[in-house]
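Heads up, coords.txt below (compact mmCIF, C-alpha atoms):
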```txt
# COMPACT_ATOMS: atom_id res chain seq x y z
CA MET Y 99 -22.73 -9.47 19.55
CA PRO Y 100 -22.25 -13.27 19.33
CA LEU Y 101 -18.75 -14.58 18.80
CA TYR Y 102 -17.77 -15.17 15.18
CA ASN Y 103 -17.89 -18.80 14.16
CA PRO Y 104 -15.53 -19.45 11.21
CA TYR Y 105 -17.49 -22.59 10.28
CA ARG Y 106 -20.81 -20.78 9.94
CA ILE Y 107 -21.65 -19.49 6.46
CA ASN Y 108 -22.84 -15.89 6.46
CA PRO Y 109 -26.57 -15.92 5.62
CA ASN Y 110 -26.03 -13.07 3.15
CA PHE Y 111 -23.42 -15.10 1.32
CA LEU Y 112 -25.95 -17.45 -0.27
CA ARG Y 113 -29.13 -16.49 -2.05
CA PRO Y 114 -32.50 -17.44 -0.53
CA PRO Y 115 -33.36 -21.07 -1.31
CA LEU Y 116 -35.52 -21.84 -4.33
CA LYS Y 117 -37.65 -24.83 -5.15
CA ALA Y 118 -35.80 -28.11 -5.44
CA SER Y 119 -36.59 -28.23 -9.16
CA VAL Y 120 -34.58 -25.04 -9.70
CA MET Y 121 -31.65 -25.47 -7.37
CA SER Y 122 -30.56 -28.39 -5.22
CA THR Y 123 -29.25 -28.10 -1.69
CA GLN Y 124 -25.98 -29.62 -2.87
CA VAL Y 125 -25.42 -26.76 -5.31
CA ALA Y 126 -26.13 -24.17 -2.61
CA VAL Y 127 -23.67 -25.82 -0.26
CA ALA Y 128 -21.11 -26.07 -3.06
CA ALA Y 129 -21.42 -22.34 -3.68
CA GLY Y 130 -20.77 -21.56 -0.04
CA VAL Y 131 -17.87 -23.97 0.21
CA ALA Y 132 -16.35 -22.60 -2.99
CA GLY Y 133 -16.48 -19.08 -1.59
CA LEU Y 134 -15.01 -20.02 1.76
CA GLY Y 135 -12.34 -22.14 0.11
CA THR Y 136 -11.27 -19.31 -2.17
CA TYR Y 137 -11.19 -16.92 0.77
CA ALA Y 138 -8.99 -19.31 2.73
CA PHE Y 139 -6.65 -19.57 -0.26
CA TYR Y 140 -6.21 -15.80 -0.42
CA LEU Y 141 -6.04 -15.25 3.33
CA ARG Y 142 -2.29 -15.75 3.75
CA ARG Y 143 -2.15 -14.19 7.18
CA ASN Y 144 -4.90 -13.29 9.62
CA ALA Y 145 -4.78 -9.66 10.70
CA SER Y 146 -5.04 -8.82 14.38
CA GLY Y 147 -8.02 -6.52 13.83
CA SER Y 148 -7.21 -4.39 16.86
CA ALA Y 149 -7.21 -0.60 16.81
CA THR Y 150 -3.51 -0.53 17.72
CA GLY Y 151 -2.63 -3.02 14.99
CA THR Y 152 -4.48 -0.96 12.41
CA ALA Y 153 -2.72 2.21 13.56
CA LEU Y 154 0.64 0.56 12.93
CA ALA Y 155 -0.47 -0.67 9.51
CA THR Y 156 -1.96 2.62 8.29
CA ASN Y 157 0.25 5.23 9.99
CA MET Y 158 -2.57 6.42 12.29
CA ASP Y 159 -2.18 7.36 15.90
CA ALA Y 160 -3.83 4.64 17.98
CA SER Y 161 -5.23 7.34 20.29
CA ASP Y 162 -7.42 8.54 17.38
CA LEU Y 163 -9.17 5.17 17.12
CA LYS Y 164 -11.91 3.67 19.21
CA PRO Y 165 -10.88 0.53 21.09
CA GLY Y 166 -12.04 -2.82 19.81
CA LYS Y 167 -12.57 -4.36 16.41
CA LEU Y 168 -12.70 -2.17 13.32
CA PRO Y 169 -15.27 -2.71 10.53
CA LEU Y 170 -13.17 -4.72 8.05
CA SER Y 171 -10.44 -6.08 10.28
CA GLY Y 172 -9.86 -9.77 10.82
CA PHE Y 173 -11.56 -12.77 9.22
CA GLY Y 174 -15.13 -12.51 8.01
CA PHE Y 175 -17.62 -11.47 5.34
CA HIS Y 176 -19.17 -8.00 5.33
CA SER Y 177 -21.93 -6.31 3.36
CA LEU Y 178 -21.10 -2.76 2.20
CA ARG Y 179 -23.54 -0.25 0.75
CA LEU Y 180 -22.46 1.67 -2.36
CA HIS Y 181 -22.39 5.39 -1.64
CA SER Y 182 -21.40 6.78 -5.04
CA THR Y 183 -19.70 6.00 -8.36
CA GLU Y 184 -17.42 8.06 -10.59
CA LEU Y 185 -16.20 7.28 -14.10
CA ILE Y 186 -12.42 7.84 -14.06
CA ASN Y 187 -11.72 7.11 -17.71
CA HIS Y 188 -13.20 5.13 -20.61
CA ASN Y 189 -13.19 1.82 -18.72
CA THR Y 190 -12.45 2.47 -15.03
CA LYS Y 191 -14.92 3.38 -12.29
CA LYS Y 192 -14.30 4.51 -8.73
CA LEU Y 193 -16.79 2.86 -6.37
CA ARG Y 194 -17.12 4.44 -2.93
CA PHE Y 195 -18.66 2.18 -0.26
CA GLU Y 196 -19.97 3.13 3.17
CA LEU Y 197 -18.55 1.44 6.27
CA PRO Y 198 -20.92 0.30 9.03
CA ASP Y 199 -19.30 2.76 11.46
CA ARG Y 200 -18.81 6.10 9.72
CA SER Y 201 -16.54 7.38 12.52
CA GLN Y 202 -13.90 4.65 12.10
CA PRO Y 203 -11.46 3.69 9.33
CA SER Y 204 -11.93 0.32 7.67
CA GLY Y 205 -9.23 -1.51 9.63
CA ILE Y 206 -7.66 -2.77 6.40
CA GLY Y 207 -3.88 -3.03 6.77
CA LEU Y 208 -1.34 -1.67 4.32
CA THR Y 209 -1.00 -3.86 1.16
CA SER Y 210 -4.32 -5.57 1.93
CA ALA Y 211 -7.15 -6.17 -0.53
CA LEU Y 212 -10.86 -6.94 -0.42
CA LEU Y 213 -12.21 -10.16 -1.83
CA THR Y 214 -15.49 -9.30 -3.55
CA ILE Y 215 -18.25 -11.90 -3.75
CA SER Y 216 -21.30 -11.52 -5.99
CA PHE Y 217 -23.94 -13.44 -7.94
CA PRO Y 218 -24.28 -11.42 -11.17
CA LYS Y 219 -27.27 -11.91 -13.46
CA GLY Y 220 -28.89 -14.70 -11.48
CA ARG Y 221 -25.80 -16.90 -11.17
CA TRP Y 222 -25.97 -19.44 -8.33
CA LEU Y 223 -22.25 -19.99 -8.05
CA PRO Y 224 -20.45 -16.92 -6.73
CA VAL Y 225 -18.02 -14.80 -8.71
CA ILE Y 226 -15.04 -13.97 -6.51
CA ARG Y 227 -12.32 -11.42 -7.32
CA PRO Y 228 -9.84 -9.40 -5.22
CA TYR Y 229 -9.60 -5.61 -5.48
CA THR Y 230 -7.25 -3.27 -3.62
CA PRO Y 231 -8.73 -0.17 -1.94
CA THR Y 232 -7.23 3.05 -3.31
CA ASN Y 233 -8.48 5.69 -0.88
CA ASP Y 234 -6.51 6.75 2.19
CA LEU Y 235 -6.72 3.84 4.64
CA ASN Y 236 -6.91 6.39 7.47
CA GLU Y 237 -10.15 7.85 6.10
CA PRO Y 238 -13.09 7.09 8.39
CA GLY Y 239 -16.41 5.87 7.09
CA PHE Y 240 -15.54 4.79 3.54
CA VAL Y 241 -13.56 2.43 1.35
CA GLU Y 242 -12.98 2.98 -2.37
CA LEU Y 243 -12.28 0.54 -5.19
CA MET Y 244 -11.10 1.45 -8.68
CA VAL Y 245 -12.47 -1.21 -11.02
CA LYS Y 246 -11.39 -1.64 -14.64
CA LEU Y 247 -14.10 -3.04 -16.93
CA TYR Y 248 -12.87 -6.04 -18.90
CA PRO Y 249 -14.79 -7.34 -21.95
CA GLY Y 250 -16.74 -10.35 -20.70
CA GLY Y 251 -15.45 -9.84 -17.15
CA LYS Y 252 -18.07 -11.30 -14.82
CA GLN Y 253 -17.13 -9.36 -11.71
CA SER Y 254 -16.02 -6.11 -13.33
CA THR Y 255 -19.24 -5.99 -15.39
CA HIS Y 256 -21.30 -6.58 -12.25
CA LEU Y 257 -19.46 -3.94 -10.22
CA HIS Y 258 -19.80 -1.37 -13.01
CA SER Y 259 -23.56 -2.02 -13.03
CA LEU Y 260 -24.00 -1.25 -9.32
CA GLN Y 261 -25.95 1.87 -8.37
CA PRO Y 262 -25.83 3.90 -5.13
CA GLY Y 263 -27.73 1.98 -2.47
CA ASP Y 264 -26.76 -1.44 -3.83
CA THR Y 265 -24.68 -3.71 -1.61
CA LEU Y 266 -21.57 -5.83 -2.12
CA THR Y 267 -20.23 -8.67 0.01
CA VAL Y 268 -16.51 -8.40 0.76
CA ALA Y 269 -13.86 -10.08 2.91
CA PRO Y 270 -10.42 -8.62 3.80
CA ILE Y 271 -7.25 -10.26 2.46
CA PRO Y 272 -3.95 -9.40 4.17
CA GLU Y 273 -1.13 -9.58 1.62
CA LEU Y 274 2.55 -8.74 1.96
CA LYS Y 275 3.41 -7.70 5.52
CA TRP Y 276 5.18 -4.38 5.09
CA THR Y 277 7.93 -3.40 7.55
CA PRO Y 278 9.17 0.20 7.26
CA ASN Y 279 12.84 0.53 6.25
CA LYS Y 280 13.33 -3.21 5.86
CA HIS Y 281 14.39 -2.53 2.27
CA PRO Y 282 16.23 0.67 1.28
CA HIS Y 283 14.62 0.58 -2.16
CA VAL Y 284 11.44 -0.94 -3.62
CA ALA Y 285 10.98 -1.53 -7.35
CA MET Y 286 7.29 -1.69 -8.20
CA ILE Y 287 6.34 -3.05 -11.63
CA ALA Y 288 2.67 -2.82 -12.54
CA GLY Y 289 0.62 -3.60 -15.63
CA GLY Y 290 -2.82 -2.08 -16.18
CA ALA Y 291 -5.09 -2.35 -13.13
CA GLY Y 292 -2.19 -4.00 -11.26
CA ILE Y 293 -1.30 -0.48 -10.17
CA THR Y 294 -3.80 -0.47 -7.29
CA PRO Y 295 -1.78 -2.45 -4.69
CA MET Y 296 1.31 -0.46 -5.71
CA TYR Y 297 -0.47 2.87 -5.27
CA GLN Y 298 -1.77 1.86 -1.86
CA LEU Y 299 1.74 0.94 -0.72
CA VAL Y 300 3.40 4.00 -2.33
CA ARG Y 301 1.14 6.32 -0.38
CA GLY Y 302 1.50 4.31 2.82
CA ILE Y 303 5.31 4.45 2.64
CA LEU Y 304 5.59 8.12 1.75
CA THR Y 305 3.06 9.38 4.30
CA ASN Y 306 4.76 7.51 7.13
CA PRO Y 307 7.40 9.89 8.60
CA ALA Y 308 9.30 6.92 10.02
CA ASP Y 309 9.63 5.13 6.65
CA LYS Y 310 12.51 6.33 4.45
CA THR Y 311 12.19 3.67 1.72
CA ARG Y 312 12.87 4.88 -1.83
CA ILE Y 313 10.48 3.80 -4.57
CA THR Y 314 10.80 3.28 -8.32
CA LEU Y 315 7.45 2.63 -10.01
CA VAL Y 316 7.22 1.32 -13.58
CA TRP Y 317 3.65 1.21 -14.91
CA GLY Y 318 2.80 -0.31 -18.28
CA VAL Y 319 -0.60 0.50 -19.84
CA ASN Y 320 -2.38 0.28 -23.19
CA THR Y 321 -3.22 3.96 -23.77
CA ASP Y 322 -2.51 7.35 -22.19
CA GLU Y 323 -6.02 7.34 -20.71
CA ASP Y 324 -5.22 4.19 -18.74
CA ILE Y 325 -2.84 6.14 -16.49
CA PHE Y 326 -5.81 6.94 -14.25
CA LEU Y 327 -3.71 7.69 -11.13
CA ARG Y 328 -1.32 10.03 -12.92
CA ASP Y 329 -2.30 13.18 -10.96
CA GLN Y 330 -2.17 11.45 -7.58
CA LEU Y 331 1.25 9.97 -8.30
CA ALA Y 332 2.56 13.29 -9.62
CA GLU Y 333 1.47 14.99 -6.41
CA LEU Y 334 3.25 12.39 -4.29
CA GLU Y 335 6.37 12.70 -6.43
CA GLN Y 336 6.33 16.47 -5.94
CA ASN Y 337 5.62 16.35 -2.21
CA TYR Y 338 8.33 13.77 -1.50
CA PRO Y 339 11.28 14.77 -3.72
CA GLY Y 340 13.90 12.08 -4.20
CA ARG Y 341 11.68 9.38 -2.70
CA LEU Y 342 9.50 8.37 -5.67
CA LYS Y 343 10.41 7.92 -9.33
CA THR Y 344 7.65 7.06 -11.82
CA VAL Y 345 8.12 5.59 -15.30
CA TYR Y 346 5.17 5.11 -17.68
CA VAL Y 347 5.22 2.83 -20.72
CA VAL Y 348 2.30 3.00 -23.17
CA ALA Y 349 1.59 0.34 -25.79
CA GLN Y 350 -0.50 2.63 -28.00
CA PRO Y 351 0.35 6.23 -27.08
CA ALA Y 352 -1.60 9.16 -28.44
CA ALA Y 353 -0.09 11.58 -30.92
CA GLN Y 354 2.36 13.89 -29.14
CA SER Y 355 2.22 11.64 -26.06
CA PRO Y 356 4.92 12.43 -23.49
CA TYR Y 357 5.26 8.74 -22.62
CA GLN Y 358 7.55 6.18 -24.17
CA LYS Y 359 5.96 3.62 -26.47
CA GLY Y 360 6.20 -0.09 -25.86
CA PHE Y 361 5.96 -2.63 -23.08
CA VAL Y 362 7.74 -3.34 -19.81
CA THR Y 363 10.93 -4.92 -21.15
CA ARG Y 364 14.46 -5.47 -19.88
CA GLN Y 365 15.57 -2.28 -21.64
CA VAL Y 366 12.82 -0.24 -19.96
CA LEU Y 367 13.77 -1.58 -16.52
CA GLU Y 368 17.47 -0.94 -17.10
CA GLN Y 369 16.74 2.62 -18.23
CA ALA Y 370 14.73 3.09 -15.03
CA GLY Y 371 17.81 2.11 -13.03
CA LEU Y 372 16.50 -1.32 -12.07
CA SER Y 373 19.47 -3.52 -12.89
CA GLY Y 374 19.73 -5.99 -10.03
CA ALA Y 375 23.35 -6.86 -10.74
CA THR Y 376 24.78 -3.81 -9.01
CA GLU Y 377 25.85 -3.77 -5.39
CA LYS Y 378 23.41 -0.91 -4.79
CA SER Y 379 20.45 -3.08 -5.91
CA LYS Y 380 21.14 -6.08 -3.66
CA GLY Y 381 18.80 -4.73 -0.97
CA THR Y 382 16.02 -3.94 -3.44
CA LYS Y 383 12.62 -5.59 -3.06
CA VAL Y 384 10.75 -6.12 -6.34
CA LEU Y 385 6.94 -6.06 -6.27
CA LEU Y 386 5.04 -7.28 -9.31
CA CYS Y 387 1.37 -7.11 -10.31
CA GLY Y 388 -0.09 -7.23 -13.80
CA PRO Y 389 -1.56 -9.38 -16.57
CA PRO Y 390 -0.43 -13.04 -16.61
CA ALA Y 391 1.62 -12.63 -19.79
CA MET Y 392 3.59 -9.74 -18.31
CA GLU Y 393 4.20 -11.52 -15.01
CA LYS Y 394 5.32 -14.66 -16.86
CA ALA Y 395 7.81 -12.69 -18.97
CA LEU Y 396 9.25 -10.93 -15.93
CA LYS Y 397 9.30 -13.86 -13.49
CA GLY Y 398 10.04 -16.68 -15.91
CA THR Y 399 8.50 -20.14 -15.89
CA LYS Y 400 9.11 -23.34 -13.97
CA GLY Y 401 9.65 -26.60 -15.78
CA TRP Y 402 10.27 -30.27 -15.15
CA VAL Y 403 13.69 -30.92 -13.61
CA GLY Y 404 15.05 -27.44 -14.21
CA GLY Y 405 13.48 -27.05 -17.62
CA GLY Y 406 11.99 -23.64 -16.87
CA LYS Y 407 12.77 -20.38 -18.60
CA LYS Y 408 14.46 -17.44 -16.92
CA GLY Y 409 12.48 -14.25 -16.68
CA VAL Y 410 13.64 -10.69 -17.27
CA LEU Y 411 14.09 -10.04 -13.56
CA GLN Y 412 16.43 -13.02 -13.18
CA GLU Y 413 18.37 -11.89 -16.23
CA LEU Y 414 18.78 -8.52 -14.54
CA GLY Y 415 20.29 -10.21 -11.50
CA TYR Y 416 17.37 -10.40 -9.07
CA THR Y 417 16.89 -13.55 -6.99
CA GLN Y 418 13.53 -15.21 -6.41
CA ASP Y 419 13.45 -14.16 -2.75
CA GLN Y 420 13.73 -10.52 -3.83
CA ILE Y 421 10.53 -10.77 -5.90
CA TYR Y 422 6.99 -10.66 -4.52
CA ASN Y 423 3.99 -11.22 -6.79
CA PHE Y 424 0.67 -9.69 -5.66
```
Same coordinates, now as structure tokens:
Amino acid sequence: MPLYNPYRINPNFLRPPLKASVMSTQVAVAAGVAGLGTYAFYLRRNASGSATGTALATNMDASDLKPGKLPLSGFGFHSLRLHSTELINHNTKKLRFELPDRSQPSGIGLTSALLTISFPKGRWLPVIRPYTPTNDLNEPGFVELMVKLYPGGKQSTHLHSLQPGDTLTVAPIPELKWTPNKHPHVAMIAGGAGITPMYQLVRGILTNPADKTRITLVWGVNTDEDIFLRDQLAELEQNYPGRLKTVYVVAQPAAQSPYQKGFVTRQVLEQAGLSGATEKSKGTKVLLCGPPAMEKALKGTKGWVGGGKKGVLQELGYTQDQIYNF
């Protein structure tokens, strides 16, 4: 296999050229540059891509892996074939993609995502969105994405339209580098589909015998149906008593709903035991992922010469270096 050249655009990344009257070479180049530029923006750290490195990131025994590079490790674009789809609720689909080597795991590290690149409905400029895999990262042969359909969402609409046998171009994005036991407690605050990176990390922490980190997860959704990982989280909570605490907040709960009504507010976080002012909370790491309005309310805003507004997390006593925004 020839060595990877980071300056060479993957031929599958751009559509076949058309007549000059339909599309200029400049536009084609712009599309490729836009995709590569966005990828570089998201790629905060380059993963090692080795079998040993992946074992450390996903709790696998390195002896169970073949030596060499794993399918989705390191820098690069990859084409994955859709194996199957499953409707999870009224607006969320689970898409299961085949890996090139069915005997190996993906090579995606814990807290990593996949940047998806597509050209829906004849678009010449790519649509690029990150999604976090939700299946066990140790599973060989497959990677799964849970995709929420947003009204008018270019990428979510395209992904929901895919049928088994269709392909999708992806690129791995390493995110927060997780170190077991670095923090005694992690507070995860998710809104809507922002649960996916949290779920991936929750399972990675709890299934690692060497990691004793405690987790408090607060998940805000619109309706009861939107808690699409409820059973999986309940199973983890049961299997690892005292390690995981889940709190659900529903904006429009059903009649007789067991969940509290409302949004993720200061009161909700305090009731969940997430006041950062206590001595016990000084070692807590706060992870945040959700809609922009929620993140803005929790993190606050920056302004000219100190003219910003404090967020809920600062009011609770958390410092900026304790907060990480996916």
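Residues in contact with Met296 (chain Y) at up to 9 Å, not including ones fewer than 5 positions away on its chain and judged by all atoms listed in the file, are Thr209, Met286, Ile287, Ala288, Arg301, Leu315, Leu385, Leu386 and Cys387 of chain Y.
Counting only C-alpha atoms, the residue from Y:Thr230, Y:Thr265, Y:Ser216, Y:Thr382 that sits nearest to Phe195 (chain Y) is Y:Thr265.
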So, counting all atoms listed in the file, which residue among Y:Ala332, Y:Ala269, Y:Leu396, Y:Val319 is closest to Lys359 (chain Y)? Y:Val319
Among the residues Y:Gly381, Y:Pro228, Y:Pro262, Y:Gly220, the one that comes closest to Leu193 (chain Y) [using all atoms listed in the file]: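 The answer is Y:Pro262, which sits nearest to Leu193 (chain Y).
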For the atom pair CA of Arg179 (chain Y) and CA of Arg200 (chain Y), what is the interatomic distance in Å to one decimal place?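 Atom-to-atom, CA of Arg179 (chain Y) to CA of Arg200 (chain Y), that is 12.0 Å.
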Students should find that CA of Ala353 (chain Y) and CA of Leu185 (chain Y) are spaced 23.7 Å
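Counting from CA of Ser373 (chain Y), the distance to CA of Gly388 (chain Y) is 19.9 Å.
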So which one's closest to Glu323 (chain Y), Y:Leu266, Y:Val348, Y:Val410, Y:Leu180? Using all atoms listed in the file, please.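 Between Y:Leu266, Y:Val348, Y:Val410, Y:Leu180, the residue approaching Glu323 (chain Y) most closely is Y:Val348.
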